[in-house]
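Read through the structure below, which is laid out as structure tokens, and then see the notes.
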Amino acid sequence: MFRKIIGTIGTRVICAVLTLLISVLNARCLGPSNLGTIALIILSVTFIQLFNNFIGGGALVYMTPRAGFFKLFISGYTWTILITVLTSFIFDFTGSLSGKLEVIPHGFFFEVLILAMIMSLTSVNYMLLLGKEQVKTYNFLNLLQIIVLIVSLLSAVFIFHVRTVMAFYWAILISYMITFVISFFPLLKYWKIEPITDLKPLFMAMLRFGTYTQFANIFQLMNYRMGYYMVDIWFGHATLGIMSLGFQLSEGLWIIGRSLAMVQFTRISNAMDFDYSVRLTLILSKITTMVTTLAVICLVALPEFFFRMIFGREFGEVRIVIAFLGIGIIALSFSMILSQFFSGINTPYHNTISSAIGLVFTFGLGFLVIPNYGIIGASVTATVSYTMSALYQFIIFSRMTRLKARDFMLNRSEILLLINEARNFLFKGRASDLSL
């Protein structure tokens with residue numbers, strides 16, 4: 001497992017660097033206003049994916065060791081196609097009633113529909129791969145998608161001289177179309193035609209698991225991004241573009257948390273051992289919190305002129321966003337590990353409650369401080385929301401496992417274990433199973 005963790009972190013770091021390059025290109029070549037529109041397009045696609053993931057998300061990973069691959073494939077694809085079309089038209093209809101209800105940016109309905117369809121079907125393939133613990137293949141496909149995106153974006157800007165929102169749109173669409181096709185090949189070895197029977201019990205089991213998980217994700221996305229809509233309404237696309245860049249850079253520090261959480265969930269789902277799950281969650285929560293804290297400190301220490309130099313003179317306020325968002329980023333990295341523990345032991349409703357608590361603070365604070373304090377208010381609101389969500393999970397996890405606060409501090413034996421694992425991996429090319 002340590003090899004999978006290192007491989008995943010390494011891939012995520014490379015992807016983060018390449019994503020940073022994309023952010024620089026977008027900021028310098030497209031400008032704050034177009035950057036704000038791009039943020040809204042990606043956000044609307046993400047909302048559609050949330051509804052797709054009731055069946056096509058973590059439920060596929062959880063059910064893969066417990067059900068037939070072919071049935072899961074059929075269920076995931078059928079649900080995804082139907083829900084993508086349905087939710088896209090519902091969002092478009094609500095936006096036509098009132099601009100304040102607009103989820104899909106005006107004039108981008110078909111672009112969002114097509115992009116959401118391709119990204120969601122690709123996600124189904126990804127989840128099936130993770131359910132089979134094909135983490136290395138999953139990492140490769142993610143890296144490939146980012147590389148194709150960069151090449152396509154560079155081509156659009158410097159060869160075809162397109163410097164509008166569509167430059168980024170075509171780049172991301174092409175990148176996902178290519179990885180969608182390629183992701184089929186590693187799944188072929190699991191492909192075995194089976195009788196389509198007993199689909200209803202399987203569908204209901206996936207829906208029960210996915211409902212708790214996805215309501216948690218819907219609430220959490222609203223915690224992440226409700227400030228986007230508020231800032232856009234009160235301050236416009238250009239201000240939103242600056243804020244979205246700050247959020248994107250800060251959330252890039254979730255590399256460690258997301259990498260560990262992904263491997264953790266696949267392992268817990270397949271292991272089905274509560275004591276092992278607790279031990280694994282405990283040490284991974286310590287690692288992600290420590291590393292993310294160090295990363296936040298380094299990012300906040302960068303001076304304002306650095307951001308102006310890299311992204312353009314309009315983006316100096318990005319540093320302020322990062323500074324006020326820092327504590328929340330640390331809290332949510334810790335929360336990611338606990339979330340995968342609750343999902344892995346089939347108690348995802350705790351994640352739903354946690355996200356709902358955060359959402360209360362998002363709305364409560366957001367309408368009070370964002371109109372007066374703009375992007376600083378949005379950053380503070382997000383930090384409070386993330387911290388309250390993580391606090392609830394910490395309390396529940398501690399009660400469930402009877403752990404004390406001191407148990408969450410890295411001890412000497414754990415530090416020596418991690419050093420030994422890293423030494424074995426780097427110098428001997430092997431790693432143990434990290435059996436704690």
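Starting from 1 in every chain, residues are counted up; chains themselves are A, B, ... following the order of the structure tokens, and ligands are numbered from 1 as listed.
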Can you tell me which residues surround segment 205-208 of chain A at a distance of at most 8 Å, considering only C-alpha atoms, apart from same-chain residues fewer than 6 positions away, and format the answer as a PyMOL selection string?
chain A and resi 54-55+59-60+63
What would the file look like if the residues just selected were written as a short mmCIF file (atom, residue, chain, number, x, y, z; two decimals), in the first residue's frame with N, CA and C atoms?
```cif
data_model
loop_
_atom_site.label_atom_id
_atom_site.label_comp_id
_atom_site.auth_asym_id
_atom_site.auth_seq_id
_atom_site.Cartn_x
_atom_site.Cartn_y
_atom_site.Cartn_z
N PHE A 54 -24.53 9.60 -7.41
CA PHE A 54 -25.39 8.81 -6.53
C PHE A 54 -25.21 7.32 -6.83
N ILE A 55 -24.97 7.00 -8.11
CA ILE A 55 -24.71 5.62 -8.51
C ILE A 55 -23.30 5.48 -9.06
N ALA A 59 -20.04 4.67 -4.66
CA ALA A 59 -20.82 3.42 -4.55
C ALA A 59 -20.26 2.35 -5.47
N LEU A 60 -19.75 2.73 -6.64
CA LEU A 60 -19.13 1.76 -7.54
C LEU A 60 -17.87 1.17 -6.92
N MET A 63 -18.98 -1.21 -4.10
CA MET A 63 -19.70 -2.41 -4.51
C MET A 63 -18.88 -3.33 -5.43
#
```
Q.
Show me, as a PyMOL selection string, the residues that have an atom within 6 Å of segment 371-381 of chain A when counting only C-alpha atoms, minus same-chain residues fewer than 3 positions from it.
A. chain A and resi 227+321+324-325+362+365-366+384
Residues as selected, N, CA and C atoms, written as a short mmCIF file (atom, residue, chain, number, x, y, z; two decimals), in the first residue's frame, can you do that?
```
data_model
loop_
_atom_site.label_atom_id
_atom_site.label_comp_id
_atom_site.auth_asym_id
_atom_site.auth_seq_id
_atom_site.Cartn_x
_atom_site.Cartn_y
_atom_site.Cartn_z
N GLY A 227 -19.77 30.52 -2.16
CA GLY A 227 -19.16 31.84 -2.16
C GLY A 227 -18.88 32.35 -3.56
N VAL A 321 -6.49 35.86 -0.18
CA VAL A 321 -7.44 34.73 -0.19
C VAL A 321 -6.80 33.51 0.45
N PHE A 324 -6.41 33.81 4.41
CA PHE A 324 -7.64 33.63 5.18
C PHE A 324 -8.25 32.24 5.00
N LEU A 325 -7.82 31.52 3.98
CA LEU A 325 -8.36 30.19 3.71
C LEU A 325 -7.50 29.09 4.32
N THR A 362 -21.85 28.19 6.11
CA THR A 362 -21.63 28.84 4.81
C THR A 362 -22.71 29.87 4.53
N LEU A 365 -22.86 32.75 7.59
CA LEU A 365 -21.81 33.76 7.53
C LEU A 365 -21.76 34.44 6.16
N GLY A 366 -22.00 33.65 5.11
CA GLY A 366 -21.83 34.17 3.76
C GLY A 366 -22.66 35.40 3.48
N VAL A 384 -14.35 28.79 8.24
CA VAL A 384 -15.23 28.42 9.37
C VAL A 384 -16.05 27.18 9.02
#
```
One number please: atom CA of Ile38 of chain A to atom CA of Thr164 of chain A, in Å, one decimal.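 Atom CA of Thr164 of chain A lies 9.8 Å from atom CA of Ile38 of chain A.
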The residue from A:Ile218, A:Ile14, A:Ile104, A:Ile287 with the smallest atom-to-atom distance to Ile337 of chain A, counting only C-alpha atoms, is A:Ile287
Inset, instruction - Give the answer as one residue: which of A:Val17, A:Met204, A:Val124, A:Val278 has the shortest atom-to-atom distance to Phe180 of chain A, using only C-alpha atoms? - result: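 Ranking A:Val17, A:Met204, A:Val124, A:Val278 by distance to Phe180 of chain A, first place goes to A:Val124.
With atom CA of Met226 of chain A on one side and atom CA of Phe367 of chain A on the other, the separation reads 10.4 Å.
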Compile a residue-level contact table for segment 166-232 of chain A against segment 247-264 of chain A at a cut-off of 10 Å, reporting for every qualifying residue the shortest atom pair and its distance in Å to one decimal, with only C-alpha atoms counted, rows ordered by chain and ascending number, as JSON lines.
```
{"residue": "A:Tyr224", "atom": "CA", "partner": "A:Phe247", "partner_atom": "CA", "distance": 9.0}
{"residue": "A:Arg225", "atom": "CA", "partner": "A:Phe247", "partner_atom": "CA", "distance": 9.5}
{"residue": "A:Tyr228", "atom": "CA", "partner": "A:Phe247", "partner_atom": "CA", "distance": 9.9}
```
(request) Please provide as a list in words all residues within 12 Å of Arg406 of chain A, with the sequence filter that same-chain residues fewer than 4 positions apart are discarded (counting only C-alpha atoms). (result) Leu282, Lys286, Ser398, Arg402, Leu410 and Asn411 of chain A
Contacts of Phe184 of chain A at 12 Å or less, counting only C-alpha atoms, minus same-chain residues fewer than 4 places along, as a list in words?
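The residues satisfying every condition are Phe73, Leu121, Thr122, Ser123, Val124, Asn125, Tyr126, Leu128, Leu129, Thr137, Tyr138, Leu141, Met177, Ile178, Thr179, Phe180, Leu188, Lys189, Tyr190 and Trp191 of chain A.
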How would the residues just picked look written out with N, CA, C and O atoms as a PDB file, in the first residue's frame?
```pdb
ATOM      1  N   PHE A  73     -21.192  -1.965 -14.342  1.00  0.00           N
ATOM      2  CA  PHE A  73     -20.920  -1.167 -15.535  1.00  0.00           C
ATOM      3  C   PHE A  73     -22.221  -0.678 -16.161  1.00  0.00           C
ATOM      4  O   PHE A  73     -22.370   0.513 -16.475  1.00  0.00           O
ATOM      5  N   LEU A 121     -18.973   9.978 -17.622  1.00  0.00           N
ATOM      6  CA  LEU A 121     -18.733   8.612 -18.097  1.00  0.00           C
ATOM      7  C   LEU A 121     -17.284   8.200 -17.839  1.00  0.00           C
ATOM      8  O   LEU A 121     -17.007   7.044 -17.498  1.00  0.00           O
ATOM      9  N   THR A 122     -16.367   9.129 -17.997  1.00  0.00           N
ATOM     10  CA  THR A 122     -14.967   8.846 -17.661  1.00  0.00           C
ATOM     11  C   THR A 122     -14.831   8.516 -16.190  1.00  0.00           C
ATOM     12  O   THR A 122     -14.098   7.596 -15.800  1.00  0.00           O
ATOM     13  N   SER A 123     -15.567   9.244 -15.342  1.00  0.00           N
ATOM     14  CA  SER A 123     -15.530   9.002 -13.905  1.00  0.00           C
ATOM     15  C   SER A 123     -16.027   7.601 -13.558  1.00  0.00           C
ATOM     16  O   SER A 123     -15.499   6.958 -12.644  1.00  0.00           O
ATOM     17  N   VAL A 124     -17.045   7.108 -14.269  1.00  0.00           N
ATOM     18  CA  VAL A 124     -17.532   5.743 -14.036  1.00  0.00           C
ATOM     19  C   VAL A 124     -16.410   4.740 -14.275  1.00  0.00           C
ATOM     20  O   VAL A 124     -16.181   3.824 -13.465  1.00  0.00           O
ATOM     21  N   ASN A 125     -15.688   4.898 -15.379  1.00  0.00           N
ATOM     22  CA  ASN A 125     -14.560   4.013 -15.656  1.00  0.00           C
ATOM     23  C   ASN A 125     -13.498   4.101 -14.564  1.00  0.00           C
ATOM     24  O   ASN A 125     -12.934   3.091 -14.138  1.00  0.00           O
ATOM     25  N   TYR A 126     -13.229   5.318 -14.115  1.00  0.00           N
ATOM     26  CA  TYR A 126     -12.242   5.519 -13.057  1.00  0.00           C
ATOM     27  C   TYR A 126     -12.651   4.803 -11.765  1.00  0.00           C
ATOM     28  O   TYR A 126     -11.823   4.164 -11.098  1.00  0.00           O
ATOM     29  N   LEU A 128     -14.604   2.232 -11.379  1.00  0.00           N
ATOM     30  CA  LEU A 128     -14.495   0.784 -11.550  1.00  0.00           C
ATOM     31  C   LEU A 128     -13.037   0.336 -11.427  1.00  0.00           C
ATOM     32  O   LEU A 128     -12.749  -0.723 -10.843  1.00  0.00           O
ATOM     33  N   LEU A 129     -12.124   1.123 -11.940  1.00  0.00           N
ATOM     34  CA  LEU A 129     -10.705   0.809 -11.795  1.00  0.00           C
ATOM     35  C   LEU A 129     -10.275   0.863 -10.331  1.00  0.00           C
ATOM     36  O   LEU A 129      -9.542  -0.013  -9.852  1.00  0.00           O
ATOM     37  N   THR A 137      -3.056   2.566 -12.617  1.00  0.00           N
ATOM     38  CA  THR A 137      -3.714   2.919 -13.876  1.00  0.00           C
ATOM     39  C   THR A 137      -4.516   4.204 -13.722  1.00  0.00           C
ATOM     40  O   THR A 137      -4.502   5.076 -14.607  1.00  0.00           O
ATOM     41  N   TYR A 138      -5.222   4.334 -12.611  1.00  0.00           N
ATOM     42  CA  TYR A 138      -5.993   5.544 -12.318  1.00  0.00           C
ATOM     43  C   TYR A 138      -5.085   6.770 -12.303  1.00  0.00           C
ATOM     44  O   TYR A 138      -5.412   7.810 -12.884  1.00  0.00           O
ATOM     45  N   LEU A 141      -3.963   7.734 -15.886  1.00  0.00           N
ATOM     46  CA  LEU A 141      -5.015   8.378 -16.667  1.00  0.00           C
ATOM     47  C   LEU A 141      -5.215   9.832 -16.234  1.00  0.00           C
ATOM     48  O   LEU A 141      -5.439  10.711 -17.075  1.00  0.00           O
ATOM     49  N   MET A 177     -12.098  13.389 -23.553  1.00  0.00           N
ATOM     50  CA  MET A 177     -12.499  12.455 -24.596  1.00  0.00           C
ATOM     51  C   MET A 177     -11.415  11.408 -24.826  1.00  0.00           C
ATOM     52  O   MET A 177     -11.702  10.212 -24.987  1.00  0.00           O
ATOM     53  N   ILE A 178     -10.171  11.835 -24.828  1.00  0.00           N
ATOM     54  CA  ILE A 178      -9.060  10.907 -25.048  1.00  0.00           C
ATOM     55  C   ILE A 178      -8.920   9.932 -23.873  1.00  0.00           C
ATOM     56  O   ILE A 178      -8.793   8.716 -24.066  1.00  0.00           O
ATOM     57  N   THR A 179      -8.961  10.442 -22.646  1.00  0.00           N
ATOM     58  CA  THR A 179      -8.813   9.546 -21.488  1.00  0.00           C
ATOM     59  C   THR A 179     -10.031   8.652 -21.320  1.00  0.00           C
ATOM     60  O   THR A 179      -9.920   7.532 -20.812  1.00  0.00           O
ATOM     61  N   PHE A 180     -11.209   9.111 -21.756  1.00  0.00           N
ATOM     62  CA  PHE A 180     -12.407   8.271 -21.716  1.00  0.00           C
ATOM     63  C   PHE A 180     -12.213   7.023 -22.581  1.00  0.00           C
ATOM     64  O   PHE A 180     -12.482   5.896 -22.152  1.00  0.00           O
ATOM     65  N   LEU A 188     -11.074  -4.125 -19.849  1.00  0.00           N
ATOM     66  CA  LEU A 188     -11.476  -5.238 -20.699  1.00  0.00           C
ATOM     67  C   LEU A 188     -11.263  -6.598 -20.029  1.00  0.00           C
ATOM     68  O   LEU A 188     -12.036  -7.531 -20.229  1.00  0.00           O
ATOM     69  N   LYS A 189     -10.208  -6.724 -19.216  1.00  0.00           N
ATOM     70  CA  LYS A 189      -9.920  -8.017 -18.592  1.00  0.00           C
ATOM     71  C   LYS A 189     -10.960  -8.411 -17.548  1.00  0.00           C
ATOM     72  O   LYS A 189     -11.034  -9.576 -17.151  1.00  0.00           O
ATOM     73  N   TYR A 190     -11.752  -7.438 -17.099  1.00  0.00           N
ATOM     74  CA  TYR A 190     -12.808  -7.741 -16.132  1.00  0.00           C
ATOM     75  C   TYR A 190     -14.158  -7.941 -16.820  1.00  0.00           C
ATOM     76  O   TYR A 190     -15.145  -8.288 -16.178  1.00  0.00           O
ATOM     77  N   TRP A 191     -14.178  -7.712 -18.122  1.00  0.00           N
ATOM     78  CA  TRP A 191     -15.435  -7.736 -18.866  1.00  0.00           C
ATOM     79  C   TRP A 191     -15.877  -9.181 -19.104  1.00  0.00           C
ATOM     80  O   TRP A 191     -15.192  -9.964 -19.737  1.00  0.00           O
TER      81      TRP A 191
END
```
Contact residues around Asp273 of chain A with only C-alpha atoms at 10 Å, ignoring same-chain residues under 5 positions, as a list of chain:residue names: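 Neighbouring residues, sequence-local ones excluded: A:Arg267, A:Ile268, A:Val278, A:Gly344, A:Ile345.
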Could you write out that same residue set with C-alpha atoms as an mmCIF file, in the first residue's frame?
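Listed below is the output, part-v7.cif:
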```cif
data_model
loop_
_atom_site.group_PDB
_atom_site.id
_atom_site.type_symbol
_atom_site.label_atom_id
_atom_site.label_comp_id
_atom_site.auth_asym_id
_atom_site.auth_seq_id
_atom_site.Cartn_x
_atom_site.Cartn_y
_atom_site.Cartn_z
ATOM 1 C CA ARG A 267 -8.126 -0.521 0.998
ATOM 2 C CA ILE A 268 -10.825 -0.218 3.681
ATOM 3 C CA VAL A 278 -9.111 2.574 12.522
ATOM 4 C CA GLY A 344 -15.376 2.559 3.974
ATOM 5 C CA ILE A 345 -17.191 1.086 6.989
#
```
Using only C-alpha atoms, the best pick from A:Ala390, A:Phe219, A:Thr87, A:Met272 as closest to Asn346 of chain A would be A:Met272
Exercise. Which polymer residues have any atom within 12 Å of an atom of segment 25-27 of chain A, counting only C-alpha atoms, with same-chain residues fewer than 6 positions away left out, as an MDAnalysis selection string?
Worked result: chainID A and resid 18:19 33:39 149:158 162:169 171 238 241:246 307:316 318
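Nearest to Met117 of chain A of all the residues A:Leu82, A:Ile322, A:Val369, A:Val13 is A:Leu82, based on only C-alpha atoms.
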